[in-house]
file final19.tsv (TSV, N, CA and C atoms and all ligand atoms)
chain	number	residue	atom	x	y	z
T	1	MET	N	0.84	-1.20	0.00
T	1	MET	CA	0.00	0.00	0.00
T	1	MET	C	0.88	1.25	0.00
T	2	LYS	N	0.53	2.21	-0.83
T	2	LYS	CA	1.28	3.47	-0.88
T	2	LYS	C	0.76	4.41	0.21
T	3	CYS	N	1.62	5.36	0.60
T	3	CYS	CA	1.25	6.32	1.62
T	3	CYS	C	0.00	7.12	1.19
T	4	SER	N	-0.07	7.46	-0.08
T	4	SER	CA	-1.23	8.24	-0.55
T	4	SER	C	-2.52	7.48	-0.32
T	5	HIS	N	-2.47	6.18	-0.54
T	5	HIS	CA	-3.66	5.34	-0.31
T	5	HIS	C	-3.95	5.23	1.18
T	6	ALA	N	-2.90	5.07	1.96
T	6	ALA	CA	-3.07	4.92	3.41
T	6	ALA	C	-3.69	6.17	4.02
T	7	THR	N	-3.20	7.35	3.62
T	7	THR	CA	-3.74	8.58	4.20
T	7	THR	C	-5.18	8.81	3.75
T	8	LYS	N	-5.46	8.38	2.50
T	8	LYS	CA	-6.83	8.50	2.00
T	8	LYS	C	-7.77	7.62	2.86
T	9	LEU	N	-7.32	6.40	3.12
T	9	LEU	CA	-8.14	5.50	3.94
T	9	LEU	C	-8.29	6.02	5.37
T	10	LEU	N	-7.21	6.59	5.90
T	10	LEU	CA	-7.29	7.13	7.26
T	10	LEU	C	-8.33	8.24	7.34
T	11	SER	N	-8.37	9.07	6.32
T	11	SER	CA	-9.38	10.14	6.28
T	11	SER	C	-10.77	9.56	6.09
T	12	GLU	N	-10.88	8.59	5.21
T	12	GLU	CA	-12.18	8.00	4.93
T	12	GLU	C	-12.75	7.27	6.14
T	13	ALA	N	-11.85	6.73	6.95
T	13	ALA	CA	-12.29	5.98	8.13
T	13	ALA	C	-13.12	6.85	9.08
T	14	GLU	N	-12.96	8.18	8.93
T	14	GLU	CA	-13.75	9.10	9.75
T	14	GLU	C	-15.21	9.10	9.32
T	15	GLU	N	-15.42	8.78	8.05
T	15	GLU	CA	-16.77	8.91	7.50
T	15	GLU	C	-17.45	7.61	7.15
T	16	ARG	N	-16.68	6.58	6.91
T	16	ARG	CA	-17.31	5.31	6.58
T	16	ARG	C	-16.58	4.16	7.24
T	17	GLN	N	-17.27	3.05	7.35
T	17	GLN	CA	-16.68	1.84	7.90
T	17	GLN	C	-15.78	1.23	6.83
T	18	LEU	N	-14.50	1.05	7.15
T	18	LEU	CA	-13.61	0.41	6.19
T	18	LEU	C	-13.89	-1.09	6.15
T	19	THR	N	-13.59	-1.70	5.01
T	19	THR	CA	-13.77	-3.15	4.91
T	19	THR	C	-12.70	-3.83	5.74
T	20	GLY	N	-12.90	-5.09	6.05
T	20	GLY	CA	-11.94	-5.84	6.85
T	20	GLY	C	-10.56	-5.84	6.22
T	21	ARG	N	-10.54	-6.01	4.89
T	21	ARG	CA	-9.28	-6.06	4.16
T	21	ARG	C	-8.58	-4.70	4.20
T	22	GLU	N	-9.35	-3.63	4.03
T	22	GLU	CA	-8.78	-2.28	4.10
T	22	GLU	C	-8.18	-2.02	5.47
T	23	ARG	N	-8.94	-2.39	6.49
T	23	ARG	CA	-8.47	-2.16	7.87
T	23	ARG	C	-7.16	-2.89	8.13
T	24	LEU	N	-7.10	-4.14	7.67
T	24	LEU	CA	-5.93	-4.98	7.89
T	24	LEU	C	-4.70	-4.40	7.19
T	25	ARG	N	-4.87	-4.04	5.91
T	25	ARG	CA	-3.76	-3.49	5.13
T	25	ARG	C	-3.33	-2.14	5.68
T	26	LEU	N	-4.31	-1.35	6.10
T	26	LEU	CA	-4.01	-0.03	6.65
T	26	LEU	C	-3.25	-0.17	7.97
T	27	ARG	N	-3.71	-1.09	8.80
T	27	ARG	CA	-3.06	-1.28	10.09
T	27	ARG	C	-1.60	-1.69	9.89
T	28	PHE	N	-1.37	-2.57	8.92
T	28	PHE	CA	-0.01	-3.00	8.64
T	28	PHE	C	0.83	-1.83	8.15
T	29	HIS	N	0.27	-1.05	7.21
T	29	HIS	CA	1.03	0.08	6.67
T	29	HIS	C	1.40	1.07	7.77
T	30	VAL	N	0.42	1.40	8.60
T	30	VAL	CA	0.67	2.36	9.68
T	30	VAL	C	1.72	1.82	10.65
T	31	PHE	N	1.71	0.49	10.80
T	31	PHE	CA	2.68	-0.15	11.71
T	31	PHE	C	4.11	0.03	11.20
T	32	VAL	N	4.30	-0.06	9.89
T	32	VAL	CA	5.66	0.01	9.34
T	32	VAL	C	6.05	1.41	8.86
T	33	CYS	N	5.10	2.34	8.75
T	33	CYS	CA	5.39	3.64	8.15
T	33	CYS	C	5.27	4.78	9.17
T	34	THR	N	6.39	5.41	9.46
T	34	THR	CA	6.42	6.49	10.44
T	34	THR	C	5.57	7.68	10.02
T	35	ALA	N	5.66	8.03	8.74
T	35	ALA	CA	4.93	9.20	8.25
T	35	ALA	C	3.43	9.04	8.42
T	36	CYS	N	2.92	7.87	8.07
T	36	CYS	CA	1.48	7.64	8.19
T	36	CYS	C	1.04	7.49	9.64
T	37	ARG	N	1.96	7.00	10.46
T	37	ARG	CA	1.65	6.91	11.90
T	37	ARG	C	1.47	8.32	12.45
T	38	ARG	N	2.35	9.22	12.01
T	38	ARG	CA	2.27	10.60	12.45
T	38	ARG	C	0.98	11.25	11.92
T	39	PHE	N	0.67	10.96	10.67
T	39	PHE	CA	-0.55	11.50	10.06
T	39	PHE	C	-1.79	11.04	10.86
T	40	LYS	N	-1.77	9.76	11.21
T	40	LYS	CA	-2.91	9.20	11.94
T	40	LYS	C	-3.08	9.89	13.29
T	41	LYS	N	-1.94	10.15	13.94
T	41	LYS	CA	-1.97	10.80	15.24
T	41	LYS	C	-2.50	12.23	15.11
T	42	GLN	N	-2.05	12.92	14.06
T	42	GLN	CA	-2.51	14.29	13.84
T	42	GLN	C	-3.99	14.34	13.54
T	43	LEU	N	-4.44	13.34	12.80
T	43	LEU	CA	-5.86	13.25	12.48
T	43	LEU	C	-6.68	13.08	13.76
T	44	GLY	N	-6.16	12.24	14.63
T	44	GLY	CA	-6.83	12.02	15.91
T	44	GLY	C	-6.87	13.28	16.75
T	45	LEU	N	-5.76	14.01	16.71
T	45	LEU	CA	-5.68	15.26	17.46
T	45	LEU	C	-6.66	16.29	16.90
T	46	LEU	N	-6.75	16.33	15.58
T	46	LEU	CA	-7.66	17.25	14.93
T	46	LEU	C	-9.10	16.95	15.33
T	47	ARG	N	-9.43	15.66	15.32
T	47	ARG	CA	-10.79	15.27	15.70
T	47	ARG	C	-11.06	15.65	17.15
T	48	LEU	N	-10.06	15.42	17.98
T	48	LEU	CA	-10.19	15.77	19.39
T	48	LEU	C	-10.46	17.26	19.55
T	49	LEU	N	-9.70	18.05	18.79
T	49	LEU	CA	-9.86	19.49	18.86
T	49	LEU	C	-11.25	19.91	18.41
T	50	LEU	N	-11.76	19.23	17.39
T	50	LEU	CA	-13.05	19.62	16.82
T	50	LEU	C	-14.22	19.12	17.65
T	51	THR	N	-14.01	18.09	18.43
T	51	THR	CA	-15.15	17.52	19.15
T	51	THR	C	-15.06	17.64	20.67
T	52	GLU	N	-13.95	17.19	21.25
T	52	GLU	CA	-13.94	17.08	22.71
T	52	GLU	C	-12.89	17.93	23.39
T	53	ALA	N	-12.30	18.86	22.67
T	53	ALA	CA	-11.23	19.64	23.27
T	53	ALA	C	-11.76	20.44	24.45
T	54	SER	N	-10.92	20.57	25.44
T	54	SER	CA	-11.31	21.36	26.60
T	54	SER	C	-11.38	22.83	26.20
T	55	PRO	N	-12.19	23.60	26.88
T	55	PRO	CA	-12.30	25.03	26.59
T	55	PRO	C	-10.93	25.72	26.63
T	56	LYS	N	-10.06	25.23	27.50
T	56	LYS	CA	-8.74	25.82	27.65
T	56	LYS	C	-7.93	25.68	26.35
T	57	ILE	N	-7.98	24.49	25.78
T	57	ILE	CA	-7.24	24.26	24.53
T	57	ILE	C	-7.84	25.07	23.40
T	58	LEU	N	-9.17	25.06	23.30
T	58	LEU	CA	-9.83	25.81	22.23
T	58	LEU	C	-9.51	27.30	22.34
T	59	ALA	N	-9.54	27.80	23.56
T	59	ALA	CA	-9.23	29.22	23.76
T	59	ALA	C	-7.82	29.52	23.29
T	60	ALA	N	-6.90	28.62	23.59
T	60	ALA	CA	-5.51	28.81	23.19
T	60	ALA	C	-5.37	28.80	21.67
T	61	VAL	N	-6.11	27.91	21.02
T	61	VAL	CA	-6.04	27.82	19.57
T	61	VAL	C	-6.65	29.06	18.93
T	62	TYR	N	-7.79	29.48	19.43
T	62	TYR	CA	-8.45	30.66	18.87
T	62	TYR	C	-7.61	31.91	19.09
T	63	ALA	N	-6.87	31.92	20.19
T	63	ALA	CA	-6.07	33.10	20.51
T	63	ALA	C	-4.85	33.21	19.61
T	64	SER	N	-4.53	32.10	18.92
T	64	SER	CA	-3.33	32.13	18.09
T	64	SER	C	-3.57	32.90	16.81
T	65	ASP	N	-2.65	33.79	16.50
T	65	ASP	CA	-2.70	34.51	15.23
T	65	ASP	C	-1.29	34.81	14.79
T	66	ALA	N	-1.15	35.62	13.75
T	66	ALA	CA	0.17	35.87	13.17
T	66	ALA	C	1.10	36.58	14.15
T	67	THR	N	0.51	37.29	15.10
T	67	THR	CA	1.34	38.06	16.02
T	67	THR	C	1.63	37.29	17.31
T	68	LEU	N	1.40	36.01	17.25
T	68	LEU	CA	1.61	35.14	18.41
T	68	LEU	C	3.05	35.26	18.92
T	69	SER	N	3.19	35.46	20.20
T	69	SER	CA	4.53	35.54	20.78
T	69	SER	C	5.12	34.15	20.90
T	70	ALA	N	6.43	34.08	20.98
T	70	ALA	CA	7.11	32.79	21.05
T	70	ALA	C	6.70	32.00	22.29
T	71	SER	N	6.56	32.71	23.41
T	71	SER	CA	6.21	32.00	24.65
T	71	SER	C	4.79	31.45	24.57
T	72	ARG	N	3.90	32.21	23.95
T	72	ARG	CA	2.51	31.79	23.79
T	72	ARG	C	2.45	30.56	22.88
T	73	ARG	N	3.30	30.59	21.84
T	73	ARG	CA	3.35	29.48	20.91
T	73	ARG	C	3.81	28.21	21.63
T	74	GLN	N	4.81	28.37	22.49
T	74	GLN	CA	5.31	27.23	23.27
T	74	GLN	C	4.21	26.67	24.17
T	75	GLU	N	3.46	27.58	24.75
T	75	GLU	CA	2.38	27.21	25.67
T	75	GLU	C	1.33	26.38	24.93
T	76	ILE	N	0.96	26.82	23.74
T	76	ILE	CA	-0.04	26.11	22.94
T	76	ILE	C	0.48	24.76	22.51
T	77	LYS	N	1.76	24.75	22.10
T	77	LYS	CA	2.38	23.48	21.69
T	77	LYS	C	2.31	22.46	22.83
T	78	ALA	N	2.61	22.94	24.03
T	78	ALA	CA	2.60	22.06	25.20
T	78	ALA	C	1.19	21.53	25.46
T	79	LEU	N	0.20	22.40	25.33
T	79	LEU	CA	-1.19	22.00	25.53
T	79	LEU	C	-1.60	20.94	24.52
T	80	LEU	N	-1.23	21.18	23.25
T	80	LEU	CA	-1.59	20.24	22.19
T	80	LEU	C	-0.90	18.91	22.40
T	81	ARG	N	0.37	18.97	22.82
T	81	ARG	CA	1.12	17.75	23.04
T	81	ARG	C	0.46	16.93	24.15
T	82	ARG	N	0.04	17.62	25.21
T	82	ARG	CA	-0.61	16.94	26.33
T	82	ARG	C	-1.92	16.30	25.85
T	83	ALA	N	-2.65	17.03	25.03
T	83	ALA	CA	-3.93	16.52	24.53
T	83	ALA	C	-3.70	15.28	23.67
T	84	ALA	N	-2.64	15.31	22.87
T	84	ALA	CA	-2.34	14.19	21.98
T	84	ALA	C	-1.95	12.96	22.80
T	85	GLU	N	-1.23	13.19	23.88
T	85	GLU	CA	-0.80	12.08	24.72
T	85	GLU	C	-1.96	11.46	25.47
T	86	GLU	N	-2.91	12.30	25.83
T	86	GLU	CA	-4.07	11.80	26.60
T	86	GLU	C	-5.03	11.02	25.73
T	87	SER	N	-5.07	11.36	24.43
T	87	SER	CA	-6.05	10.71	23.56
T	87	SER	C	-5.62	9.31	23.20
T	101	ZN	ZN	2.85	5.61	4.72

call {"tool": "encode", "arguments": {"input": "final19.tsv", "output": "structure tokens"}}
result
Amino acid sequence: MKCSHATKLLSEAEERQLTGRERLRLRFHVFVCTACRRFKKQLGLLRLLLTEASPKILAAVYASDATLSASRRQEIKALLRRAAEES
């Protein structure tokens, strides 16, 4: 399976039930491929942000703009990292 196919399936898995064969091949690909593993994690984080993120995290994300200070950026990064680890 190519990475392009794997990422497509990972996105589609949000909207439809993958077939048994798709799930199996995808699981194997994600197991051996660092890039797709990272993509999968980011996808999970994105979903978390869109659905169950704490008000604190959402506030931090909304507060971010082009004029974001370095310390604020670090703070948000830390929050996101914690959220990703908890999920
Ligand atoms: Zn891949």

call {"tool": "closest_atom_pairs", "arguments": {"input": "final19.tsv", "of": "chain T", "to": "ligand ZN 101 (chain T)", "cutoff": "7 Å", "atoms": "all atoms listed in the file", "output": "tab-separated table"}}
result
residue	atom	partner	partner_atom	distance
T:Met1	C	T:ZN101	ZN	6.7
T:Lys2	C	T:ZN101	ZN	5.1
T:Cys3	CA	T:ZN101	ZN	3.6
T:Ser4	N	T:ZN101	ZN	5.9
T:Ala6	CA	T:ZN101	ZN	6.1
T:Thr7	N	T:ZN101	ZN	6.4
T:His29	C	T:ZN101	ZN	5.7
T:Val30	N	T:ZN101	ZN	6.2
T:Val32	C	T:ZN101	ZN	6.7
T:Cys33	CA	T:ZN101	ZN	4.7
T:Thr34	N	T:ZN101	ZN	5.9
T:Ala35	C	T:ZN101	ZN	5.1
T:Cys36	N	T:ZN101	ZN	4.0
T:Arg37	N	T:ZN101	ZN	6.0

call {"tool": "select_by_dssp", "arguments": {"input": "final19.tsv", "residues": "stretch 18-80 of chain T", "states": "alpha helix (DSSP H)", "output": "PyMOL selection string"}}
result
chain T and resi 20-32+34-51+55-63+70-80

call {"tool": "closest_residue", "arguments": {"input": "final19.tsv", "among": "T:Leu26, T:Ser54, T:Ala70, T:Leu9", "to": "T:Arg82", "atoms": "only C-alpha atoms"}}
result
T:Ser54

call {"tool": "closest_residue", "arguments": {"input": "final19.tsv", "among": "T:Glu86, T:Lys41, T:His5, T:Leu46", "to": "T:Arg25", "atoms": "only C-alpha atoms"}}
result
T:His5

call {"tool": "atom_distance", "arguments": {"input": "final19.tsv", "atom1": "atom N of T:Phe31", "atom2": "atom CA of T:Ile76"}}
result
28.4 Å

call {"tool": "atom_distance", "arguments": {"input": "final19.tsv", "atom1": "atom CA of T:Leu79", "atom2": "atom CA of T:Glu14"}}
result
23.9 Å
